[in-house]
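S.K.: Hey, dropping target_7.cif in here, mmCIF, C-alpha atoms:
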data_protein
loop_
_atom_site.label_atom_id
_atom_site.label_comp_id
_atom_site.auth_asym_id
_atom_site.auth_seq_id
_atom_site.Cartn_x
_atom_site.Cartn_y
_atom_site.Cartn_z
CA MET A 1 -14.86 59.57 -27.07
CA LYS A 2 -15.82 56.52 -29.03
CA GLN A 3 -19.31 55.15 -28.59
CA GLY A 4 -18.05 51.59 -27.91
CA THR A 5 -15.82 52.73 -25.06
CA LEU A 6 -18.68 54.65 -23.38
CA LEU A 7 -21.00 51.66 -23.70
CA ASN A 8 -18.44 49.32 -22.07
CA LYS A 9 -18.03 51.70 -19.14
CA LEU A 10 -21.78 51.89 -18.63
CA VAL A 11 -22.11 48.09 -18.64
CA VAL A 12 -19.30 47.72 -16.07
CA LEU A 13 -20.88 50.40 -13.87
CA LEU A 14 -24.27 48.71 -14.09
CA PHE A 15 -22.84 45.33 -13.04
CA THR A 16 -21.02 46.95 -10.13
CA VAL A 17 -24.21 48.60 -8.89
CA VAL A 18 -26.14 45.29 -9.13
CA ILE A 19 -23.47 43.41 -7.16
CA LEU A 20 -23.34 46.06 -4.44
CA LEU A 21 -27.14 46.06 -4.14
CA TYR A 22 -27.18 42.24 -3.87
CA MET A 23 -24.52 42.24 -1.16
CA ALA A 24 -26.29 44.97 0.77
CA GLY A 25 -29.57 43.08 0.57
CA ALA A 26 -27.97 39.86 1.76
CA ALA A 27 -26.33 41.65 4.69
CA TRP A 28 -29.63 43.31 5.62
CA ARG A 29 -31.51 40.00 5.49
CA GLY A 30 -28.77 38.43 7.64
CA LEU A 31 -29.12 41.13 10.27
CA ARG A 32 -32.91 40.81 10.30
CA ASP A 33 -33.01 36.97 10.10
CA PRO A 34 -34.94 35.93 13.25
CA TYR A 35 -33.88 32.29 12.92
CA PRO A 36 -30.12 32.05 12.24
CA THR A 37 -28.69 28.52 12.11
CA VAL A 38 -25.38 26.78 12.89
CA GLN A 39 -24.37 23.40 11.60
CA ALA A 40 -24.04 20.66 14.22
CA TYR A 41 -21.06 18.28 13.92
CA ALA A 42 -19.57 15.22 15.60
CA TYR A 43 -17.18 16.05 18.43
CA SER A 44 -15.18 14.26 21.14
CA VAL A 45 -14.13 15.64 24.48
CA ASP A 46 -11.59 14.01 26.80
CA ASP A 47 -11.34 14.14 30.56
CA THR A 48 -7.56 14.46 30.94
CA MET A 49 -4.88 15.54 33.37
CA GLU A 50 -1.23 16.43 32.68
CA ALA A 51 1.65 14.59 34.37
CA THR A 52 5.43 14.86 34.08
CA GLY A 53 7.63 11.90 34.94
CA TYR A 54 10.25 9.42 33.80
CA LEU A 55 10.30 6.26 31.73
CA VAL A 56 12.05 3.43 33.57
CA ARG A 57 13.40 0.27 31.96
CA ARG A 58 15.71 -2.58 32.89
CA GLU A 59 18.77 -1.36 30.98
CA ARG A 60 22.46 -2.16 30.79
CA ALA A 61 24.93 0.25 29.22
CA LEU A 62 27.41 -1.23 26.74
CA SER A 63 30.97 0.06 26.57
CA GLY A 64 33.74 -0.26 24.04
CA ALA A 65 36.52 1.93 22.71
CA GLY A 66 38.32 1.50 19.46
CA GLY A 67 38.88 4.95 18.05
CA ILE A 68 35.91 4.56 15.70
CA VAL A 69 32.66 2.84 16.73
CA ARG A 70 30.11 1.61 14.19
CA LEU A 71 26.71 0.62 15.55
CA LEU A 72 24.89 -2.15 13.68
CA PRO A 73 21.30 -2.44 15.02
CA THR A 74 18.79 0.32 14.39
CA GLU A 75 17.18 2.17 17.30
CA GLY A 76 14.66 -0.09 19.04
CA GLU A 77 15.74 -3.22 17.16
CA LYS A 78 15.43 -6.57 18.92
CA VAL A 79 18.74 -8.46 19.08
CA PRO A 80 19.31 -12.09 20.15
CA ALA A 81 21.90 -13.29 22.65
CA GLY A 82 25.37 -13.35 21.10
CA ALA A 83 24.48 -10.76 18.46
CA THR A 84 27.05 -8.17 17.40
CA VAL A 85 25.81 -4.66 18.20
CA ALA A 86 28.93 -2.63 17.36
CA LEU A 87 32.17 -2.85 15.43
CA LEU A 88 35.34 -1.16 16.67
CA TYR A 89 38.07 0.32 14.49
CA ALA A 90 41.53 1.59 15.38
CA ASP A 91 41.16 4.70 13.21
CA GLU A 92 39.36 6.18 10.20
CA ALA A 93 41.63 4.34 7.76
CA ALA A 94 40.76 1.00 9.38
CA LEU A 95 37.06 1.81 9.02
CA GLU A 96 37.48 2.68 5.34
CA ARG A 97 39.39 -0.58 4.72
CA ALA A 98 36.65 -2.60 6.42
CA GLN A 99 33.89 -0.87 4.44
CA ARG A 100 35.81 -1.35 1.21
CA LEU A 101 36.25 -5.02 2.06
CA GLU A 102 32.50 -5.45 2.64
CA THR A 103 31.73 -3.79 -0.70
CA LEU A 104 34.19 -5.97 -2.59
CA GLU A 105 32.94 -9.18 -0.97
CA GLU A 106 29.38 -8.34 -1.98
CA GLU A 107 30.49 -7.43 -5.49
CA ALA A 108 32.45 -10.69 -5.80
CA ASN A 109 29.38 -12.67 -4.78
CA GLN A 110 27.28 -10.82 -7.37
CA LEU A 111 29.84 -11.40 -10.11
CA SER A 112 30.07 -15.12 -9.27
CA ALA A 113 26.27 -15.44 -9.28
CA ALA A 114 26.03 -13.57 -12.59
CA ILE A 115 28.57 -15.86 -14.25
CA LEU A 116 26.76 -18.96 -13.05
CA ALA A 117 23.18 -17.77 -13.69
CA ALA A 118 23.63 -16.05 -17.05
CA GLY A 119 23.77 -19.32 -18.95
CA ASP A 120 20.45 -20.42 -17.45
CA ARG A 121 18.52 -17.31 -18.57
CA THR A 122 17.32 -16.19 -21.97
CA GLN A 123 17.95 -12.69 -23.30
CA GLY A 124 14.34 -11.74 -22.58
CA GLU A 125 14.55 -12.99 -19.02
CA THR A 126 17.69 -10.99 -18.24
CA ARG A 127 16.16 -7.82 -19.71
CA GLU A 128 12.98 -8.39 -17.71
CA GLN A 129 14.97 -8.91 -14.51
CA VAL A 130 16.88 -5.64 -15.00
CA ALA A 131 13.66 -3.73 -15.68
CA ARG A 132 11.87 -5.26 -12.69
CA THR A 133 14.66 -4.56 -10.19
CA MET A 134 15.07 -1.02 -11.56
CA VAL A 135 11.33 -0.31 -11.15
CA ASP A 136 11.37 -1.69 -7.59
CA LEU A 137 14.34 0.49 -6.70
CA ARG A 138 12.87 3.63 -8.23
CA SER A 139 9.47 3.07 -6.59
CA ALA A 140 11.09 2.69 -3.17
CA VAL A 141 13.04 5.93 -3.59
CA GLU A 142 9.94 7.85 -4.72
CA ARG A 143 7.99 6.56 -1.70
CA GLY A 144 10.85 7.39 0.63
CA ASP A 145 10.89 3.75 1.78
CA PHE A 146 14.53 2.89 2.44
CA THR A 147 13.96 -0.12 4.69
CA ARG A 148 15.01 -2.57 1.94
CA LEU A 149 17.19 -0.19 -0.05
CA GLU A 150 20.44 -2.13 0.41
CA GLY A 151 18.90 -5.38 -0.83
CA GLN A 152 17.17 -3.66 -3.75
CA VAL A 153 20.41 -2.02 -4.88
CA SER A 154 22.17 -5.39 -4.64
CA ALA A 155 19.46 -7.10 -6.72
CA PHE A 156 19.68 -4.39 -9.38
CA LYS A 157 23.47 -4.66 -9.63
CA SER A 158 23.24 -8.45 -9.85
CA ALA A 159 20.70 -8.19 -12.69
CA VAL A 160 22.95 -5.73 -14.56
CA TYR A 161 25.94 -8.07 -14.19
CA GLN A 162 23.90 -10.98 -15.58
CA GLN A 163 22.81 -8.89 -18.56
CA ALA A 164 26.42 -7.86 -19.18
CA GLN A 165 27.45 -11.51 -19.03
CA ARG A 166 24.73 -12.42 -21.53
CA TYR A 167 25.48 -9.65 -24.07
CA GLY A 168 29.15 -8.93 -23.42
CA ASP A 169 32.43 -10.78 -23.32
CA ALA A 170 32.36 -13.51 -20.67
CA GLY A 171 35.99 -12.76 -19.94
CA ASP A 172 35.15 -9.22 -18.77
CA LEU A 173 33.21 -10.40 -15.71
CA SER A 174 35.75 -13.12 -14.97
CA ALA A 175 38.55 -10.55 -15.02
CA ALA A 176 36.56 -8.24 -12.74
CA LEU A 177 35.96 -11.13 -10.35
CA SER A 178 39.66 -12.01 -10.25
CA ALA A 179 40.62 -8.38 -9.55
CA ALA A 180 38.06 -8.14 -6.72
CA GLN A 181 39.29 -11.38 -5.15
CA ALA A 182 42.89 -10.18 -5.26
CA GLU A 183 42.02 -6.91 -3.52
CA ILE A 184 39.94 -8.81 -0.96
CA GLU A 185 42.95 -10.90 0.04
CA THR A 186 45.07 -7.79 0.49
CA LEU A 187 42.43 -6.06 2.62
CA ARG A 188 41.96 -9.12 4.82
CA ILE A 189 45.64 -9.07 5.69
CA GLN A 190 45.44 -5.37 6.53
CA THR A 191 42.32 -5.77 8.72
CA ALA A 192 44.04 -8.57 10.61
CA GLN A 193 46.87 -6.15 11.42
CA ASP A 194 44.35 -3.44 12.45
CA ALA A 195 42.78 -5.78 15.03
CA GLY A 196 45.90 -5.68 17.19
CA ARG A 197 45.65 -1.88 17.53
CA VAL A 198 42.16 -1.77 19.12
CA THR A 199 41.73 -0.96 22.82
CA VAL A 200 38.57 -2.53 24.27
CA LEU A 201 36.67 -2.10 27.52
CA GLN A 202 34.15 -4.30 29.28
CA PRO A 203 35.71 -7.58 28.08
CA GLN A 204 32.67 -9.65 29.02
CA ASP A 205 30.80 -7.91 26.22
CA VAL A 206 33.57 -7.58 23.65
CA LYS A 207 34.91 -10.29 21.41
CA LEU A 208 38.02 -9.74 19.29
CA GLU A 209 38.71 -11.67 16.14
CA ALA A 210 41.98 -11.19 14.27
CA GLY A 211 41.36 -10.59 10.61
CA ASP A 212 37.64 -10.00 11.09
CA THR A 213 36.25 -8.85 7.74
CA ARG A 214 33.86 -6.34 9.26
CA GLY A 215 35.71 -4.74 12.16
CA ASN A 216 38.91 -4.86 14.16
CA GLY A 217 36.90 -5.64 17.30
CA ARG A 218 33.25 -6.34 17.97
CA VAL A 219 30.85 -5.73 20.85
CA THR A 220 28.46 -8.60 21.43
CA VAL A 221 25.64 -9.01 23.93
CA GLY A 222 25.33 -11.95 26.26
CA GLU A 223 21.52 -11.87 26.41
CA SER A 224 18.66 -10.89 24.16
CA GLY A 225 16.95 -7.54 24.36
CA VAL A 226 16.11 -4.29 22.59
CA PHE A 227 19.04 -2.11 21.49
CA SER A 228 19.24 1.65 21.89
CA GLY A 229 22.09 3.92 20.90
CA LEU A 230 21.19 6.53 23.55
CA VAL A 231 22.91 6.41 26.96
CA ASP A 232 21.71 9.24 29.25
CA GLY A 233 23.04 8.26 32.68
CA TYR A 234 19.66 7.18 34.08
CA GLU A 235 20.36 3.50 33.35
CA SER A 236 21.68 2.90 36.89
CA VAL A 237 19.84 5.78 38.62
CA LEU A 238 16.29 4.73 37.67
CA THR A 239 15.75 0.97 37.73
CA PRO A 240 12.62 -1.15 38.17
CA ASP A 241 14.01 -2.51 41.45
CA MET A 242 14.08 0.92 43.13
CA LEU A 243 10.65 2.12 41.97
CA LYS A 244 8.84 1.09 45.15
CA SER A 245 11.08 3.30 47.28
CA LEU A 246 10.88 6.41 45.07
CA THR A 247 9.16 9.43 46.58
CA PRO A 248 7.92 12.66 44.99
CA ALA A 249 10.95 14.42 46.50
CA ASP A 250 13.29 11.90 44.81
CA LEU A 251 11.67 12.60 41.46
CA ASP A 252 11.92 16.36 42.00
CA ALA A 253 15.64 16.01 42.75
CA LEU A 254 16.24 14.32 39.39
CA GLU A 255 15.33 17.51 37.51
CA ASP A 256 18.46 19.36 38.64
CA ARG A 257 20.79 16.38 38.85
CA ALA A 258 23.65 16.19 36.33
CA LEU A 259 24.20 12.57 35.32
CA PRO A 260 27.60 11.68 33.87
CA VAL A 261 27.88 9.60 30.72
CA GLY A 262 31.20 7.91 29.94
CA GLU A 263 32.81 8.59 26.58
CA ASP A 264 33.31 4.85 26.06
CA GLN A 265 29.58 4.06 26.31
CA LEU A 266 28.22 3.23 22.87
CA GLY A 267 24.66 2.13 23.59
CA LYS A 268 22.51 0.07 25.90
CA LEU A 269 20.49 -3.11 25.97
CA ILE A 270 16.95 -3.16 27.36
CA THR A 271 16.56 -6.66 28.76
CA ASP A 272 12.93 -6.67 29.93
CA ALA A 273 9.85 -6.10 27.80
CA THR A 274 8.01 -4.34 30.65
CA TRP A 275 8.67 -0.62 31.05
CA TYR A 276 7.38 1.90 33.55
CA PHE A 277 6.31 5.52 33.80
CA VAL A 278 6.74 7.08 37.26
CA PHE A 279 5.58 10.58 38.19
CA PRO A 280 4.52 12.68 41.21
CA MET A 281 0.84 13.50 41.61
CA GLU A 282 -1.38 15.39 44.03
CA GLU A 283 -2.91 12.98 46.55
CA SER A 284 -6.42 14.29 45.83
CA GLN A 285 -6.00 13.69 42.09
CA ALA A 286 -4.50 10.24 42.60
CA LYS A 287 -7.85 9.11 44.01
CA ARG A 288 -9.05 8.90 40.40
CA LEU A 289 -6.60 6.02 39.85
CA THR A 290 -7.00 2.48 41.16
CA GLU A 291 -4.14 0.02 41.60
CA GLY A 292 -4.49 -2.90 39.22
CA LYS A 293 -6.71 -0.94 36.80
CA THR A 294 -5.59 0.68 33.54
CA VAL A 295 -5.40 4.28 32.41
CA THR A 296 -4.69 5.64 28.95
CA VAL A 297 -1.44 7.63 28.73
CA ARG A 298 -1.21 9.99 25.77
CA PHE A 299 2.28 10.83 24.50
CA SER A 300 2.30 13.78 22.10
CA ARG A 301 5.72 15.44 22.15
CA ASP A 302 8.83 13.40 21.30
CA TRP A 303 6.60 10.47 20.29
CA SER A 304 2.87 10.39 19.57
CA GLY A 305 0.68 7.55 20.71
CA ASP A 306 -1.88 6.38 23.28
CA VAL A 307 -0.74 3.59 25.61
CA ASP A 308 -3.02 1.70 27.99
CA MET A 309 -0.89 1.33 31.13
CA LYS A 310 -1.54 -0.61 34.34
CA VAL A 311 -1.52 1.28 37.64
CA GLU A 312 1.16 -0.72 39.45
CA ARG A 313 1.41 1.31 42.61
CA ILE A 314 0.26 4.53 44.27
CA GLY A 315 2.88 5.46 46.84
CA THR A 316 2.59 6.70 50.41
CA PRO A 317 1.55 10.37 50.65
CA GLU A 318 4.35 12.86 51.22
CA ASN A 319 3.39 16.51 51.77
CA GLY A 320 0.13 15.99 49.93
CA ARG A 321 1.70 14.20 46.96
CA VAL A 322 2.28 10.59 45.96
CA ALA A 323 4.50 8.79 43.46
CA VAL A 324 2.48 6.87 40.87
CA ILE A 325 3.94 3.93 38.93
CA LEU A 326 2.38 2.78 35.65
CA SER A 327 3.55 -0.16 33.55
CA SER A 328 3.20 -1.50 30.02
CA HIS A 329 4.76 -4.13 27.77
CA ARG A 330 3.70 -2.48 24.51
CA PHE A 331 5.51 0.06 22.31
CA LEU A 332 8.90 -0.60 23.95
CA SER A 333 10.81 -0.31 20.66
CA GLU A 334 9.05 2.96 19.82
CA THR A 335 9.85 4.63 23.16
CA THR A 336 13.53 3.76 23.69
CA LEU A 337 14.61 7.39 23.17
CA LEU A 338 12.15 8.80 25.72
CA ARG A 339 13.06 9.54 29.33
CA ARG A 340 11.55 12.64 30.98
CA GLN A 341 8.16 13.21 29.42
CA THR A 342 5.04 15.30 29.95
CA VAL A 343 1.95 13.26 29.09
CA GLU A 344 -1.82 13.36 29.44
CA LEU A 345 -3.70 10.84 31.56
CA VAL A 346 -6.99 10.20 29.75
CA PHE A 347 -9.65 9.14 32.24
CA SER A 348 -12.62 9.12 29.88
CA GLN A 349 -13.70 10.18 26.43
CA ARG A 350 -17.13 11.28 25.35
CA THR A 351 -18.23 11.46 21.74
CA GLY A 352 -21.38 13.21 20.65
CA ILE A 353 -22.68 16.15 18.64
CA ARG A 354 -21.45 19.68 19.29
CA VAL A 355 -24.08 22.44 19.37
CA PRO A 356 -23.96 26.02 20.71
CA THR A 357 -25.20 26.42 24.29
CA GLU A 358 -27.69 29.10 23.20
CA ALA A 359 -29.41 26.60 20.89
CA ILE A 360 -30.41 24.30 23.76
CA ARG A 361 -33.88 24.74 25.20
CA VAL A 362 -35.67 23.13 28.13
CA GLU A 363 -39.37 22.71 27.46
CA THR A 364 -42.29 21.16 29.31
CA VAL A 365 -44.03 18.47 27.28
CA PRO A 366 -46.89 16.06 28.07
CA GLU A 367 -46.04 12.39 28.64
CA THR A 368 -48.10 9.29 29.35
CA ASP A 369 -46.96 7.17 32.31
CA PRO A 370 -46.43 3.65 30.87
CA ASP A 371 -47.49 2.00 34.15
CA THR A 372 -50.56 4.03 35.14
CA GLY A 373 -51.55 5.55 31.82
CA GLU A 374 -51.83 8.95 33.46
CA GLU A 375 -50.87 12.11 31.64
CA ARG A 376 -48.07 14.15 33.19
CA GLU A 377 -45.73 16.94 32.21
CA VAL A 378 -41.96 16.45 32.08
CA SER A 379 -39.00 18.69 31.25
CA LEU A 380 -37.29 17.96 27.96
CA SER A 381 -33.95 19.25 26.70
CA CYS A 382 -34.04 19.85 22.97
CA VAL A 383 -32.78 21.83 20.02
CA TYR A 384 -34.69 22.97 16.96
CA VAL A 385 -33.45 22.13 13.48
CA GLN A 386 -34.46 23.79 10.23
CA VAL A 387 -35.73 21.22 7.74
CA GLY A 388 -36.72 23.04 4.57
CA ILE A 389 -38.91 25.86 5.87
CA VAL A 390 -40.10 23.94 8.94
CA ALA A 391 -38.64 23.89 12.48
CA GLU A 392 -38.36 20.39 13.96
CA ARG A 393 -37.77 19.68 17.64
CA LYS A 394 -34.94 17.20 18.41
CA PRO A 395 -34.81 15.82 21.97
CA ILE A 396 -31.27 15.57 23.35
CA ALA A 397 -29.28 14.61 26.44
CA VAL A 398 -26.36 16.84 27.43
CA LEU A 399 -23.11 14.87 27.87
CA ALA A 400 -20.60 17.64 28.56
CA GLN A 401 -20.55 21.41 28.91
CA GLY A 402 -17.93 23.66 27.28
CA GLU A 403 -17.40 27.39 27.46
CA ASP A 404 -19.98 28.26 24.81
CA TYR A 405 -21.01 24.83 23.54
CA CYS A 406 -22.38 21.50 24.70
CA ILE A 407 -21.72 17.92 23.63
CA VAL A 408 -25.09 16.21 23.27
CA GLU A 409 -26.53 12.93 22.06
CA PRO A 410 -29.92 12.30 20.43
CA LEU A 411 -32.59 11.22 22.89
CA THR A 412 -34.87 8.59 21.39
CA PRO A 413 -37.08 6.00 23.12
CA GLU A 414 -35.66 2.47 23.26
CA ASP A 415 -38.68 1.15 21.38
CA ALA A 416 -38.64 3.92 18.77
CA ASN A 417 -39.26 2.83 15.19
CA ASP A 418 -36.95 3.62 12.27
CA LYS A 419 -38.99 6.68 11.30
CA VAL A 420 -38.55 8.24 14.74
CA LYS A 421 -34.83 7.38 14.82
CA LYS A 422 -34.30 9.02 11.43
CA LYS A 423 -35.75 12.25 12.79
CA ALA A 424 -33.23 12.33 15.66
CA LEU A 425 -30.49 14.98 15.75
CA ARG A 426 -27.57 14.13 13.45
CA PRO A 427 -24.25 15.75 12.52
CA GLY A 428 -24.83 18.18 9.67
CA ASP A 429 -28.26 19.36 10.87
CA GLN A 430 -28.84 23.13 10.81
CA VAL A 431 -29.52 24.01 14.46
CA ILE A 432 -31.61 27.13 15.04
CA LEU A 433 -30.16 29.74 17.41
CA ALA A 434 -33.27 31.93 17.58
CA ALA A 435 -34.26 33.31 20.99
CA LYS A 436 -37.77 34.01 19.70
CA GLU A 437 -40.75 31.80 20.36
CA ILE A 438 -40.60 28.60 18.33
CA TRP A 439 -42.43 25.29 18.29
CA ASP A 440 -42.31 21.93 16.58
CA GLY A 441 -43.68 22.16 13.02
CA MET A 442 -43.50 25.95 12.91
CA ILE A 443 -43.20 27.50 9.44
CA LEU A 444 -40.10 29.69 9.34
CA GLU A 445 -40.60 32.97 7.51
#
Please re-express this file's structure in structure tokens.

M.R.:
Amino acid sequence: MKQGTLLNKLVVLLFTVVILLYMAGAAWRGLRDPYPTVQAYAYSVDDTMEATGYLVRRERALSGAGGIVRLLPTEGEKVPAGATVALLYADEAALERAQRLETLEEEANQLSAAILAAGDRTQGETREQVARTMVDLRSAVERGDFTRLEGQVSAFKSAVYQQAQRYGDAGDLSAALSAAQAEIETLRIQTAQDAGRVTVLQPQDVKLEAGDTRGNGRVTVGESGVFSGLVDGYESVLTPDMLKSLTPADLDALEDRALPVGEDQLGKLITDATWYFVFPMEESQAKRLTEGKTVTVRFSRDWSGDVDMKVERIGTPENGRVAVILSSHRFLSETTLLRRQTVELVFSQRTGIRVPTEAIRVETVPETDPDTGEEREVSLSCVYVQVGIVAERKPIAVLAQGEDYCIVEPLTPEDANDKVKKKALRPGDQVILAAKEIWDGMILE
């Protein structure tokens, strides 16, 4: 065996033995450490209760049939009175013709603008415009922000057309514009013929226009509101007007009730900004609520958010339960898809410092009565914190008790100076868990 190989093996063996000895020593010291510590940290605890109920809104279902339905507003979008919320098409071919017509009309407008604007811009300006719109478009795609995607694509195409007009043959864009206009005229005639083949329902909400460039028929709304594309059958079963008469038994019956939804229903309009959450509750638990006051409702399943809701009404007891009605005028657009929900009612929240229960001590300490000047002994809740090699006592007040921990806050006199306040318990302190005798200022071995 070569001498170098033997030497390498001995070095590796020596390092292994040293590491094992170090680990064994550390473990032994840990087992024999009379003053183990745990880091304290900021912590919040909520006083909550679970409730399952229904969201109630003033809603009106919208109907319309035309073979193919194309919704225009996004979910939760506010729409004014007279706005078009859906386009109706006789068949798939009619939809494709309408979409093609929209594309050509936009392209024709871009070509016309490029022809007119190209003469007013220098070569550098057109190049800069193309680069700027391209960067904006790419940045939006990388961020996943598609809220302005259609407009950004249109701006980019317009910039490209202007650059082509500047560098290319002016007749090319003019020819493209003429071809687009010719196809537009043909498609407008065809869409006018399609309009006569659409069957519509609910005529008070539907307006037909022969030759409409967007759809063969259109569904408009007679009043303003918030649009939702989800119709679930509860629109006429749960209304704000019937809330006062709802009982816990009525709410229980809704769980097993099959609600029909017509095939012609294409969406609904929420016409009131105030919405409600109604749920059954044990009468004893309902005593924690007060009519006219607010309670925080925490949604965390289909939508996440805390909503401060007003306690509108606590119903008459029925077999030990009551129906509770809460209301809010916030977050309506975010909650249009919610109906039956399980939420948390948050009654209070406490924020403090979390420490293990075994670290808390109750000691008797002398105190001077500020009125009489007499010395007396009082009980003091505290924890001990390791600062360097010294144990320091930190007075505390217990806010909440957990299974094996407590939420506490530092206890300092109101007239304490900055030096005393700095010595109060803080998140990050190393709290001593030792069960052995310990005192303030003790040197830890």

S.K.: Point out the residue among A:Arg57, A:Arg354, A:Arg301, A:His329 with the least atom-to-atom distance to Met242 of chain A, counting all atoms listed in the file.

M.R.: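 Looking only at the distances to Met242 of chain A, the closest residue turns out to be A:Arg57.
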
S.K.: Expanded to explicit residues, what is the PyMOL selection byres ((chain A and resi 377) around 12) for this file, as a VMD selection string?

M.R.: chain A and resid 363 to 369 374 to 376 378 to 380

S.K.: For the residues selected in the previous step, produce a file with C-alpha atoms as a JSON list (two decimals), in the coordinates of the input.

M.R.:
[["chain", "number", "residue", "atom", "x", "y", "z"],
["A", 363, "GLU", "CA", -39.37, 22.71, 27.46],
["A", 364, "THR", "CA", -42.29, 21.16, 29.31],
["A", 365, "VAL", "CA", -44.03, 18.47, 27.28],
["A", 366, "PRO", "CA", -46.89, 16.06, 28.07],
["A", 367, "GLU", "CA", -46.04, 12.39, 28.64],
["A", 368, "THR", "CA", -48.10, 9.29, 29.35],
["A", 369, "ASP", "CA", -46.96, 7.17, 32.31],
["A", 374, "GLU", "CA", -51.83, 8.95, 33.46],
["A", 375, "GLU", "CA", -50.87, 12.11, 31.64],
["A", 376, "ARG", "CA", -48.07, 14.15, 33.19],
["A", 378, "VAL", "CA", -41.96, 16.45, 32.08],
["A", 379, "SER", "CA", -39.00, 18.69, 31.25],
["A", 380, "LEU", "CA", -37.29, 17.96, 27.96]]

S.K.: Rounded to one decimal place, report the atom CA of Phe299 of chain A-atom CA of Glu344 of chain A distance in Å.

M.R.: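 Here the two named atoms are 6.9 Å from each other.
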
S.K.: Looking at A:Val226, A:Ile325, A:Val307, A:Ala51, which one is nearest to Thr290 of chain A, with distances taken over only C-alpha atoms?

M.R.: A:Ile325

S.K.: Considering all atoms listed in the file, return as an MDAnalysis selection string whatever protein or nucleic-acid residues lie within 12 Å of segment 280-283 of chain A, sequence-local ones (same chain, fewer than 3 positions apart) excluded.

M.R.: chainID A and resid 49:54 246:254 277 286:289 313:326 342 345

S.K.: Quick one: distance from atom CA of Leu337 of chain A to atom CA of Asp256 of chain A in Å, one decimal?

M.R.: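 If I compute the distance from atom CA of Leu337 of chain A to atom CA of Asp256 of chain A, I get 19.9 Å.
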
S.K.: How many Å lie between atom CA of Thr357 of chain A and atom CA of Glu392 of chain A, rounded to one decimal?

M.R.: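 Atom CA of Thr357 of chain A sits 17.8 Å away from atom CA of Glu392 of chain A.
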
S.K.: Find the residue from A:Arg393, A:Ser333, A:Ala176, A:Ser304 that sits nearest to Gln110 of chain A; use all atoms listed in the file when measuring.

M.R.: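 For Gln110 of chain A, the nearest of the given residues is A:Ala176.
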
S.K.: Given the PyMOL selection byres ((chain A and resi 388) around 12) and the file above, list the residues it selects as a ChimeraX atom specification.

M.R.: /A:385-387,389-392,429-430,441-445

S.K.: Here is a test: counting all atoms listed in the file, which residue of A:Ser139, A:Arg70, A:Gly82, A:Gln265 is nearest to Glu96 of chain A?

M.R.: A:Arg70

S.K.: Name every residue that the PyMOL selection byres ((chain A and resi 58) around 10) selects in this structure, writing the answer as number ranges by chain with chains first and numbers rising.

M.R.: A: 56-57, 59-60, 225, 235-236, 238-241, 269-276

S.K.: If we count only C-alpha atoms, what is near Leu95 of chain A at a cut-off of 9 Å, once residues fewer than 2 positions away on the same chain are taken out, given as a list in words?

M.R.: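 My list of contacting residues is Ile68, Val69, Arg70, Leu88, Tyr89, Ala90, Asp91, Glu92, Ala93, Arg97, Ala98, Gln99, Arg100, Arg214, Gly215 and Asn216 of chain A.
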
S.K.: Residues within 6 Å of Arg298 of chain A, please, as an NGL selection string. Count all atoms listed in the file; anything in the same chain fewer than 4 positions from it doesn't count.

M.R.: :A and (305-306 or 343-344)

S.K.: Produce a file of the selected residues containing C-alpha atoms, as a short mmCIF file (atom, residue, chain, number, x, y, z; two decimals), keeping the file's coordinate frame.

M.R.:
data_model
loop_
_atom_site.label_atom_id
_atom_site.label_comp_id
_atom_site.auth_asym_id
_atom_site.auth_seq_id
_atom_site.Cartn_x
_atom_site.Cartn_y
_atom_site.Cartn_z
CA GLY A 305 0.68 7.55 20.71
CA ASP A 306 -1.88 6.38 23.28
CA VAL A 343 1.95 13.26 29.09
CA GLU A 344 -1.82 13.36 29.44
#

S.K.: Taking all atoms listed in the file into account, which of A:Ser245, A:Glu185, A:Pro427, A:Ala434 comes nearest Gln39 of chain A?

M.R.: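 Checking each candidate against Gln39 of chain A, we get A:Pro427 as the closest.
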
S.K.: If we count only C-alpha atoms, what is near Leu411 of chain A at a cut-off of 10 Å, once residues fewer than 2 positions away on the same chain are taken out, given as a PDB file with C-alpha atoms, in the frame of the given file?

M.R.:
ATOM      1  CA  LEU A 380     -37.290  17.960  27.960  1.00  0.00           C
ATOM      2  CA  SER A 381     -33.950  19.250  26.700  1.00  0.00           C
ATOM      3  CA  CYS A 382     -34.040  19.850  22.970  1.00  0.00           C
ATOM      4  CA  LYS A 394     -34.940  17.200  18.410  1.00  0.00           C
ATOM      5  CA  PRO A 395     -34.810  15.820  21.970  1.00  0.00           C
ATOM      6  CA  ILE A 396     -31.270  15.570  23.350  1.00  0.00           C
ATOM      7  CA  ALA A 397     -29.280  14.610  26.440  1.00  0.00           C
ATOM      8  CA  VAL A 398     -26.360  16.840  27.430  1.00  0.00           C
ATOM      9  CA  VAL A 408     -25.090  16.210  23.270  1.00  0.00           C
ATOM     10  CA  GLU A 409     -26.530  12.930  22.060  1.00  0.00           C
ATOM     11  CA  PRO A 413     -37.080   6.000  23.120  1.00  0.00           C
ATOM     12  CA  GLU A 414     -35.660   2.470  23.260  1.00  0.00           C
ATOM     13  CA  LYS A 421     -34.830   7.380  14.820  1.00  0.00           C
ATOM     14  CA  ALA A 424     -33.230  12.330  15.660  1.00  0.00           C
ATOM     15  CA  LEU A 425     -30.490  14.980  15.750  1.00  0.00           C
TER      16      LEU A 425
END
